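Source file: query-v6.tsv. Holds: TSV, C-alpha atoms and all ligand atoms.
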```tsv
chain	number	residue	atom	x	y	z
F	1	ALA	CA	179.97	107.36	97.00
F	2	GLY	CA	181.36	104.98	94.39
F	3	GLU	CA	181.55	105.55	90.69
F	4	ARG	CA	182.11	103.25	87.75
F	5	GLU	CA	183.13	104.18	84.21
F	6	LEU	CA	180.50	103.01	81.71
F	7	LEU	CA	182.05	104.56	78.61
F	8	SER	CA	185.68	105.53	78.08
F	9	SER	CA	186.55	108.37	75.74
F	10	GLY	CA	187.12	105.82	72.97
F	11	ASP	CA	183.72	104.26	73.73
F	12	VAL	CA	182.06	107.70	73.52
F	13	ALA	CA	183.59	108.26	70.07
F	14	ARG	CA	182.57	104.80	68.85
F	15	THR	CA	179.07	105.22	70.25
F	16	ILE	CA	178.54	108.54	68.47
F	17	ALA	CA	179.89	107.03	65.24
F	18	ARG	CA	177.42	104.14	65.52
F	19	MET	CA	174.55	106.54	66.13
F	20	ALA	CA	175.63	108.53	63.05
F	21	HIS	CA	175.37	105.38	60.92
F	22	GLN	CA	171.92	104.70	62.37
F	23	VAL	CA	170.74	108.23	61.56
F	24	ILE	CA	171.99	107.90	57.99
F	25	GLU	CA	170.12	104.62	57.60
F	26	LYS	CA	166.87	105.58	59.33
F	27	THR	CA	166.57	108.95	57.58
F	28	ALA	CA	167.71	107.49	54.23
F	29	LEU	CA	170.26	110.28	54.04
F	30	GLY	CA	171.81	110.52	50.60
F	31	ALA	CA	168.97	108.59	48.98
F	32	GLY	CA	167.52	110.49	46.03
F	33	GLY	CA	165.87	113.74	46.94
F	34	SER	CA	165.81	113.28	50.70
F	35	THR	CA	166.60	116.47	52.61
F	36	PRO	CA	168.96	116.05	55.55
F	37	PRO	CA	167.57	115.96	59.08
F	38	VAL	CA	168.07	118.95	61.37
F	39	LEU	CA	169.93	118.11	64.59
F	40	LEU	CA	168.87	120.19	67.60
F	41	GLY	CA	170.80	119.74	70.83
F	42	ILE	CA	169.22	120.33	74.24
F	43	PRO	CA	171.63	122.50	76.27
F	44	THR	CA	173.94	122.00	77.92
F	45	ARG	CA	175.54	118.77	76.74
F	46	GLY	CA	173.08	117.95	74.00
F	47	THR	CA	174.47	120.86	72.00
F	48	PRO	CA	178.05	119.57	71.57
F	49	LEU	CA	176.63	116.06	71.08
F	50	ALA	CA	174.51	117.29	68.16
F	51	LEU	CA	177.59	118.91	66.59
F	52	ARG	CA	179.65	115.74	66.97
F	53	LEU	CA	176.87	113.64	65.52
F	54	ALA	CA	176.61	116.01	62.55
F	55	ASP	CA	180.41	115.81	62.03
F	56	LYS	CA	180.27	112.01	61.93
F	57	ILE	CA	177.23	111.99	59.63
F	58	ALA	CA	179.16	114.33	57.30
F	59	GLU	CA	182.21	112.06	57.45
F	60	PHE	CA	180.20	108.94	56.57
F	61	SER	CA	177.64	110.35	54.11
F	62	GLY	CA	179.23	113.47	52.67
F	63	ILE	CA	176.20	115.49	53.81
F	64	ARG	CA	176.35	117.66	56.91
F	65	PRO	CA	172.96	118.07	58.56
F	66	PRO	CA	172.12	121.58	59.80
F	67	THR	CA	172.51	121.83	63.58
F	68	GLY	CA	171.25	124.07	66.34
F	69	ALA	CA	170.27	124.28	69.98
F	70	LEU	CA	166.79	124.24	71.50
F	71	ASP	CA	166.39	125.95	74.84
F	72	ILE	CA	163.55	124.47	76.83
F	73	THR	CA	163.86	126.45	80.07
F	74	LEU	CA	160.54	128.28	79.64
F	75	TYR	CA	158.67	125.12	78.79
F	76	ARG	CA	159.48	123.00	81.84
F	77	ASP	CA	156.36	122.04	83.73
F	78	ASP	CA	158.36	122.27	86.97
F	79	LEU	CA	159.82	125.74	86.26
F	80	ARG	CA	158.13	127.36	89.25
F	81	ARG	CA	159.72	124.87	91.60
F	82	ARG	CA	163.21	125.49	90.21
F	83	PRO	CA	165.65	128.23	91.05
F	84	PRO	CA	165.74	130.77	88.24
F	85	ARG	CA	168.59	130.27	85.84
F	86	ALA	CA	169.87	132.02	82.76
F	87	LEU	CA	168.11	131.31	79.50
F	88	GLU	CA	170.28	129.52	76.98
F	89	HIS	CA	168.78	130.96	73.87
F	90	SER	CA	167.69	128.68	71.10
F	91	GLN	CA	169.73	128.75	67.93
F	92	LEU	CA	167.83	127.36	65.01
F	93	PRO	CA	169.61	126.79	61.70
F	94	PRO	CA	168.82	129.42	59.01
F	95	THR	CA	167.11	126.70	56.96
F	96	GLY	CA	164.45	126.49	59.68
F	97	ILE	CA	162.64	123.29	60.62
F	98	ASP	CA	159.48	123.41	58.51
F	99	ASP	CA	158.95	120.07	56.73
F	100	ALA	CA	162.30	118.74	57.99
F	101	VAL	CA	162.93	115.67	60.09
F	102	VAL	CA	164.13	117.17	63.38
F	103	ILE	CA	166.33	115.02	65.58
F	104	LEU	CA	166.43	116.19	69.19
F	105	VAL	CA	169.76	115.31	70.81
F	106	ASP	CA	170.35	115.04	74.57
F	107	ASP	CA	172.88	113.41	76.86
F	108	VAL	CA	170.60	111.46	79.21
F	109	LEU	CA	166.96	110.38	78.89
F	110	PHE	CA	165.22	109.87	82.25
F	111	SER	CA	161.58	110.74	82.97
F	112	GLY	CA	160.98	112.16	79.48
F	113	ARG	CA	159.86	115.55	80.81
F	114	THR	CA	162.70	117.44	79.14
F	115	ILE	CA	161.76	115.99	75.78
F	116	ARG	CA	158.08	116.76	76.35
F	117	ALA	CA	159.16	120.37	77.00
F	118	ALA	CA	161.34	120.29	73.88
F	119	LEU	CA	158.33	119.27	71.79
F	120	ASP	CA	156.45	122.28	73.19
F	121	ALA	CA	159.40	124.56	72.42
F	122	LEU	CA	159.64	123.20	68.86
F	123	ARG	CA	156.05	124.20	68.18
F	124	ASP	CA	157.09	127.87	68.43
F	125	HIS	CA	159.76	127.42	65.75
F	126	GLY	CA	157.88	125.70	62.98
F	127	ARG	CA	156.27	122.53	61.83
F	128	PRO	CA	158.68	119.63	61.29
F	129	ARG	CA	157.74	116.68	59.10
F	130	ALA	CA	158.72	114.34	61.93
F	131	VAL	CA	160.58	114.52	65.21
F	132	GLN	CA	163.05	111.88	66.37
F	133	LEU	CA	165.17	111.58	69.51
F	134	ALA	CA	168.83	110.66	69.98
F	135	VAL	CA	170.33	110.23	73.46
F	136	LEU	CA	173.78	109.13	74.55
F	137	VAL	CA	172.37	107.32	77.61
F	138	ASP	CA	168.88	106.01	78.39
F	139	ARG	CA	168.76	105.41	82.13
F	140	GLY	CA	165.13	104.35	82.32
F	141	HIS	CA	162.41	105.60	84.75
F	142	ARG	CA	160.17	107.09	82.09
F	143	GLU	CA	157.09	108.95	83.35
F	144	LEU	CA	155.72	109.79	79.90
F	145	PRO	CA	155.13	107.85	76.66
F	146	ILE	CA	158.44	108.97	75.14
F	147	ARG	CA	161.21	106.78	73.72
F	148	ALA	CA	164.43	107.42	71.84
F	149	ASP	CA	164.99	106.47	68.19
F	150	TYR	CA	168.76	106.33	68.69
F	151	VAL	CA	170.31	105.22	71.99
F	152	GLY	CA	174.06	105.21	72.60
F	153	LYS	CA	173.82	103.01	75.68
F	154	ASN	CA	170.95	101.65	77.72
F	155	VAL	CA	171.84	101.79	81.41
F	156	PRO	CA	169.31	100.34	83.84
F	157	THR	CA	169.70	102.53	86.94
F	158	SER	CA	168.14	102.84	90.33
F	159	ARG	CA	166.62	106.20	91.16
F	160	ALA	CA	169.41	106.72	93.68
F	161	GLU	CA	172.07	106.39	90.99
F	162	GLY	CA	173.07	109.10	88.56
F	163	ILE	CA	174.82	109.17	85.24
F	164	GLU	CA	177.68	111.60	84.88
F	165	VAL	CA	178.30	112.60	81.27
F	166	LEU	CA	181.58	114.38	80.64
F	167	LEU	CA	182.24	115.92	77.23
F	168	SER	CA	185.51	117.58	76.31
F	169	GLU	CA	183.81	120.75	75.00
F	170	VAL	CA	182.26	121.34	78.44
F	171	ASP	CA	184.23	119.21	80.90
F	172	GLY	CA	187.68	118.88	79.37
F	173	ARG	CA	187.41	115.13	78.74
F	174	ASP	CA	185.03	112.47	77.45
F	175	SER	CA	183.64	109.88	79.86
F	176	VAL	CA	180.36	108.44	81.08
F	177	LEU	CA	180.23	107.37	84.72
F	178	LEU	CA	177.66	105.65	86.87
F	179	ARG	CA	177.58	107.33	90.24
F	180	ALA	CA	175.95	105.97	93.39
F	181	GLN	CA	174.45	109.00	95.11
U	201	LIG	P1	164.22	113.90	82.14
U	201	LIG	O1	163.69	115.23	81.76
U	201	LIG	O2	164.03	112.87	81.07
U	201	LIG	O3	163.74	113.45	83.50
U	201	LIG	O4	165.79	114.07	82.35
U	201	LIG	C1	166.60	114.30	81.24
U	201	LIG	C2	167.32	115.61	81.37
U	201	LIG	O5	167.85	115.77	82.66
U	201	LIG	C3	168.46	115.64	80.39
U	201	LIG	O6	168.56	116.92	79.81
U	201	LIG	C4	169.67	115.32	81.23
U	201	LIG	O7	170.72	116.21	80.94
U	201	LIG	C5	169.20	115.48	82.66
U	201	LIG	N1	169.38	114.23	83.43
U	201	LIG	C6	168.46	113.44	84.00
U	201	LIG	N2	169.00	112.41	84.68
U	201	LIG	C7	170.33	112.55	84.50
U	201	LIG	C8	171.47	111.80	84.94
U	201	LIG	O8	171.40	110.76	85.62
U	201	LIG	N3	172.69	112.28	84.54
U	201	LIG	C9	172.82	113.39	83.75
U	201	LIG	N4	174.08	113.77	83.40
U	201	LIG	N5	171.79	114.12	83.35
U	201	LIG	C10	170.56	113.69	83.71
U	202	MG	MG	170.29	118.26	80.27
```
As structure tokens, how would this structure be written, given the file I've shared?
Amino acid sequence: AGERELLSSGDVARTIARMAHQVIEKTALGAGGSTPPVLLGIPTRGTPLALRLADKIAEFSGIRPPTGALDITLYRDDLRRRPPRALEHSQLPPTGIDDAVVILVDDVLFSGRTIRAALDALRDHGRPRAVQLAVLVDRGHRELPIRADYVGKNVPTSRAEGIEVLLSEVDGRDSVLLRAQ
């Protein structure tokens, strides 16, 4: 099956930098009295993405948002149909999420079911002031009324295609590929 590179490693870096600027603007980070958003990555690849986004936000604004990871395994509505897998435990920042703007961070947005599960998982950890969503790739095919506030790249796909997201922390290099399956 063929594959095509959608984002080079340089494109990935530029895309995350652009998203960082958008977060700073939309959350009015640095404006008087505003508390920084909390960035929660959805494992696996959302977690390093959240850290990179926080690094860039710190570089551009001087303020590093608290980061963490939100495990959603137990909240999937299709859990019973899936093979059991290890729980990747949630790691919430010590500041907690009460009254904060929480930004969920994931690599690919597809049906929206993962984010729906993430919203359920969040409810067990506190009561954010607002929840936003940042994804590196939106590949379409939503099945729920969910949309991202920050999108690295919109990629119209067919259901038969897949997006391969490679991140150096997990995969040894940065790249986004469109794969015909
Ligand atoms: P959804 O729950 O929106 O259907 O799918 C999003 C979740 O499944 C994300 O956590 C993402 O990692 C994964 N996912 C769905 N489609 C793709 C895809 O084409 N490529 C990759 N890399 N992940 C996908
Ligand atoms: Mg995922």
### Query
Which residues sit within 6 Å of ligand LIG 201 (chain U), counting only C-alpha atoms and all ligand atoms, listed as a VMD selection string?
chain F and resid 106 to 114 162 to 165
### Query
Using all atoms listed in the file, which residues sit within 9 Å of region 148-157 of chain F once same-chain residues fewer than 5 positions away are excluded, as a PyMOL selection string?
chain F and resi 6-7+12+15-16+18-19+22-23+109+132-141+162-163+178
### Task
Tell me which of F:His89, F:Glu161, F:Ile42, F:Arg64 sits closest to Arg116 (chain F), counting only C-alpha atoms.
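When distances to Arg116 (chain F) are compared using only C-alpha atoms, the smallest one comes from F:Ile42.
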#### Entry: Residue with smallest distance to ligand MG 202 (chain U) - pool F:Arg123, F:Arg147, F:Arg159, F:Arg76, counting all atoms listed in the file
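Smallest separation from ligand MG 202 (chain U) among the options: F:Arg76.
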#### Entry: Nearest residue to ligand MG 202 (chain U) from the set F:Arg179, F:His21, F:Lys26, F:Arg45 (distances using all atoms listed in the file)
F:Arg45
For Ala100 (chain F): contacts at 9 Å, all atoms listed in the file, fewer than 6 positions along chain excluded, given as a PDB file with C-alpha atoms, in the frame of the given file:
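After the write, around.pdb holds the following:
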```pdb
ATOM      1  CA  THR F  35     166.600 116.470  52.610  1.00  0.00           C
ATOM      2  CA  PRO F  36     168.960 116.050  55.550  1.00  0.00           C
ATOM      3  CA  PRO F  37     167.570 115.960  59.080  1.00  0.00           C
ATOM      4  CA  VAL F  38     168.070 118.950  61.370  1.00  0.00           C
ATOM      5  CA  ARG F 127     156.270 122.530  61.830  1.00  0.00           C
ATOM      6  CA  PRO F 128     158.680 119.630  61.290  1.00  0.00           C
ATOM      7  CA  ARG F 129     157.740 116.680  59.100  1.00  0.00           C
ATOM      8  CA  ALA F 130     158.720 114.340  61.930  1.00  0.00           C
ATOM      9  CA  VAL F 131     160.580 114.520  65.210  1.00  0.00           C
TER      10      VAL F 131
END
```
### Query
Which neighbours of Tyr75 (chain F) fall inside 10 Å, counting all atoms listed in the file, when residues of the same chain fewer than 2 positions from it are skipped, and could you give them as a ChimeraX atom specification?
/F:71-73,77-79,113-114,116-121
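With only C-alpha atoms and all ligand atoms as the basis for measurement, F:Ile115 is the residue among F:Ala180, F:Ile115, F:Ile97, F:Ile57 that approaches ligand MG 202 (chain U) most closely.
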### Interatomic distance, CA of Val176 (chain F) to CA of Ser9 (chain F) (Å, one decimal)
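We find that CA of Val176 (chain F) and CA of Ser9 (chain F) lie 8.2 Å from each other.
Distance annotation: of F:Gly172, F:Gly62, F:Gly41, F:Gly2, the residue with the minimal separation from Leu104 (chain F) is F:Gly41; atom set is only C-alpha atoms.
Of the residues under consideration (F:Ile24, F:His125, F:Thr95, F:Pro145), F:Ile24 shows the shortest atom-to-atom contact distance to Glu59 (chain F) when counting only C-alpha atoms.
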#### Entry: d(CA of Ser8 (chain F), CA of Leu177 (chain F)) in Å
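Spanning CA of Ser8 (chain F) to CA of Leu177 (chain F) is a straight-line distance of 8.8 Å.
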### Task
To one decimal in Å, tell me the separation between CA of Pro48 (chain F) and CA of Ala160 (chain F).
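Separation of CA of Pro48 (chain F) and CA of Ala160 (chain F): 27.0 Å.
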### Leu166 (chain F) surroundings by only C-alpha atoms, 6 Å radius, close-in-sequence under 4 positions cut, as an MDAnalysis selection string
chainID F and resid 171 174:175
### Task
Pick out the residues sitting within 8 Å of Thr67 (chain F), and hand them over as a PyMOL selection string; count only C-alpha atoms, and ignore anything fewer than 4 positions along from it in its own chain.
chain F and resi 38-41+50-51+54+92-93
Write to file, as an mmCIF file, in the frame of the given file, the residues of the selection just made, with C-alpha atoms.
```cif
data_model
loop_
_atom_site.group_PDB
_atom_site.id
_atom_site.type_symbol
_atom_site.label_atom_id
_atom_site.label_comp_id
_atom_site.auth_asym_id
_atom_site.auth_seq_id
_atom_site.Cartn_x
_atom_site.Cartn_y
_atom_site.Cartn_z
ATOM 1 C CA VAL F 38 168.070 118.950 61.370
ATOM 2 C CA LEU F 39 169.930 118.110 64.590
ATOM 3 C CA LEU F 40 168.870 120.190 67.600
ATOM 4 C CA GLY F 41 170.800 119.740 70.830
ATOM 5 C CA ALA F 50 174.510 117.290 68.160
ATOM 6 C CA LEU F 51 177.590 118.910 66.590
ATOM 7 C CA ALA F 54 176.610 116.010 62.550
ATOM 8 C CA LEU F 92 167.830 127.360 65.010
ATOM 9 C CA PRO F 93 169.610 126.790 61.700
#
```
Using the block above, I'd like region 110-146 of chain F written out, keeping N, CA and C atoms and formatting it as an mmCIF file, in the first residue's frame.
```
data_model
loop_
_atom_site.group_PDB
_atom_site.id
_atom_site.type_symbol
_atom_site.label_atom_id
_atom_site.label_comp_id
_atom_site.auth_asym_id
_atom_site.auth_seq_id
_atom_site.Cartn_x
_atom_site.Cartn_y
_atom_site.Cartn_z
ATOM 1 N N PHE F 110 -10.764 11.743 14.782
ATOM 2 C CA PHE F 110 -11.481 10.947 13.779
ATOM 3 C C PHE F 110 -12.970 10.982 14.126
ATOM 4 N N SER F 111 -13.498 9.927 14.729
ATOM 5 C CA SER F 111 -14.941 9.907 15.009
ATOM 6 C C SER F 111 -15.335 10.879 16.122
ATOM 7 N N GLY F 112 -14.401 11.163 17.017
ATOM 8 C CA GLY F 112 -14.697 11.992 18.185
ATOM 9 C C GLY F 112 -14.949 11.166 19.441
ATOM 10 N N ARG F 113 -14.962 9.844 19.313
ATOM 11 C CA ARG F 113 -15.296 8.998 20.464
ATOM 12 C C ARG F 113 -14.234 9.048 21.561
ATOM 13 N N THR F 114 -12.976 9.165 21.158
ATOM 14 C CA THR F 114 -11.910 9.272 22.157
ATOM 15 C C THR F 114 -12.079 10.536 23.004
ATOM 16 N N ILE F 115 -12.431 11.619 22.343
ATOM 17 C CA ILE F 115 -12.596 12.877 23.072
ATOM 18 C C ILE F 115 -13.847 12.833 23.951
ATOM 19 N N ARG F 116 -14.892 12.191 23.451
ATOM 20 C CA ARG F 116 -16.080 12.012 24.307
ATOM 21 C C ARG F 116 -15.701 11.251 25.570
ATOM 22 N N ALA F 117 -14.873 10.197 25.411
ATOM 23 C CA ALA F 117 -14.411 9.427 26.565
ATOM 24 C C ALA F 117 -13.525 10.289 27.470
ATOM 25 N N ALA F 118 -12.712 11.138 26.854
ATOM 26 C CA ALA F 118 -11.834 12.017 27.642
ATOM 27 C C ALA F 118 -12.658 12.975 28.502
ATOM 28 N N LEU F 119 -13.776 13.452 27.954
ATOM 29 C CA LEU F 119 -14.633 14.359 28.725
ATOM 30 C C LEU F 119 -15.224 13.622 29.923
ATOM 31 N N ASP F 120 -15.585 12.341 29.728
ATOM 32 C CA ASP F 120 -16.056 11.527 30.857
ATOM 33 C C ASP F 120 -14.958 11.357 31.898
ATOM 34 N N ALA F 121 -13.736 11.055 31.427
ATOM 35 C CA ALA F 121 -12.620 10.844 32.348
ATOM 36 C C ALA F 121 -12.328 12.117 33.138
ATOM 37 N N LEU F 122 -12.397 13.254 32.467
ATOM 38 C CA LEU F 122 -12.114 14.540 33.132
ATOM 39 C C LEU F 122 -13.023 14.770 34.328
ATOM 40 N N ARG F 123 -14.274 14.349 34.176
ATOM 41 C CA ARG F 123 -15.277 14.589 35.214
ATOM 42 C C ARG F 123 -14.857 13.995 36.554
ATOM 43 N N ASP F 124 -14.040 12.918 36.511
ATOM 44 C CA ASP F 124 -13.572 12.294 37.754
ATOM 45 C C ASP F 124 -12.415 13.063 38.387
ATOM 46 N N HIS F 125 -11.869 14.034 37.678
ATOM 47 C CA HIS F 125 -10.668 14.725 38.170
ATOM 48 C C HIS F 125 -10.936 16.153 38.605
ATOM 49 N N GLY F 126 -12.116 16.646 38.353
ATOM 50 C CA GLY F 126 -12.410 18.005 38.776
ATOM 51 C C GLY F 126 -13.375 18.690 37.842
ATOM 52 N N ARG F 127 -13.460 20.001 38.039
ATOM 53 C CA ARG F 127 -14.429 20.770 37.273
ATOM 54 C C ARG F 127 -13.735 21.945 36.594
ATOM 55 N N PRO F 128 -13.286 21.743 35.349
ATOM 56 C CA PRO F 128 -12.610 22.820 34.635
ATOM 57 C C PRO F 128 -13.567 23.973 34.319
ATOM 58 N N ARG F 129 -12.978 25.152 34.118
ATOM 59 C CA ARG F 129 -13.778 26.304 33.705
ATOM 60 C C ARG F 129 -14.262 26.126 32.280
ATOM 61 N N ALA F 130 -13.400 25.555 31.437
ATOM 62 C CA ALA F 130 -13.740 25.275 30.047
ATOM 63 C C ALA F 130 -12.806 24.181 29.556
ATOM 64 N N VAL F 131 -13.249 23.474 28.536
ATOM 65 C CA VAL F 131 -12.405 22.440 27.931
ATOM 66 C C VAL F 131 -12.261 22.755 26.449
ATOM 67 N N GLN F 132 -11.017 22.745 25.984
ATOM 68 C CA GLN F 132 -10.734 22.948 24.566
ATOM 69 C C GLN F 132 -9.998 21.726 24.040
ATOM 70 N N LEU F 133 -9.863 21.654 22.707
ATOM 71 C CA LEU F 133 -9.232 20.495 22.083
ATOM 72 C C LEU F 133 -8.203 20.936 21.048
ATOM 73 N N ALA F 134 -7.014 20.350 21.133
ATOM 74 C CA ALA F 134 -5.951 20.581 20.154
ATOM 75 C C ALA F 134 -5.558 19.248 19.548
ATOM 76 N N VAL F 135 -5.547 19.171 18.216
ATOM 77 C CA VAL F 135 -5.118 17.934 17.542
ATOM 78 C C VAL F 135 -4.122 18.278 16.441
ATOM 79 N N LEU F 136 -3.154 17.389 16.258
ATOM 80 C CA LEU F 136 -2.175 17.614 15.190
ATOM 81 C C LEU F 136 -2.840 17.432 13.829
ATOM 82 N N VAL F 137 -3.702 16.406 13.704
ATOM 83 C CA VAL F 137 -4.377 16.126 12.432
ATOM 84 C C VAL F 137 -5.870 15.884 12.670
ATOM 85 N N ASP F 138 -6.701 16.574 11.891
ATOM 86 C CA ASP F 138 -8.137 16.268 11.850
ATOM 87 C C ASP F 138 -8.398 15.556 10.535
ATOM 88 N N ARG F 139 -8.748 14.280 10.607
ATOM 89 C CA ARG F 139 -8.946 13.519 9.371
ATOM 90 C C ARG F 139 -10.413 13.356 8.982
ATOM 91 N N GLY F 140 -11.294 14.047 9.710
ATOM 92 C CA GLY F 140 -12.707 14.009 9.346
ATOM 93 C C GLY F 140 -13.419 12.761 9.863
ATOM 94 N N HIS F 141 -14.637 12.504 9.362
ATOM 95 C CA HIS F 141 -15.454 11.329 9.712
ATOM 96 C C HIS F 141 -16.009 11.386 11.130
ATOM 97 N N ARG F 142 -16.375 12.587 11.578
ATOM 98 C CA ARG F 142 -16.913 12.710 12.923
ATOM 99 C C ARG F 142 -18.241 11.980 13.059
ATOM 100 N N GLU F 143 -18.436 11.339 14.199
ATOM 101 C CA GLU F 143 -19.700 10.662 14.507
ATOM 102 C C GLU F 143 -20.398 11.315 15.688
ATOM 103 N N LEU F 144 -19.776 12.357 16.236
ATOM 104 C CA LEU F 144 -20.325 13.048 17.403
ATOM 105 C C LEU F 144 -20.146 14.554 17.202
ATOM 106 N N PRO F 145 -20.920 15.362 17.914
ATOM 107 C CA PRO F 145 -20.798 16.823 17.762
ATOM 108 C C PRO F 145 -19.578 17.354 18.505
ATOM 109 N N ILE F 146 -18.396 17.017 18.009
ATOM 110 C CA ILE F 146 -17.128 17.407 18.639
ATOM 111 C C ILE F 146 -16.257 18.040 17.562
#
```
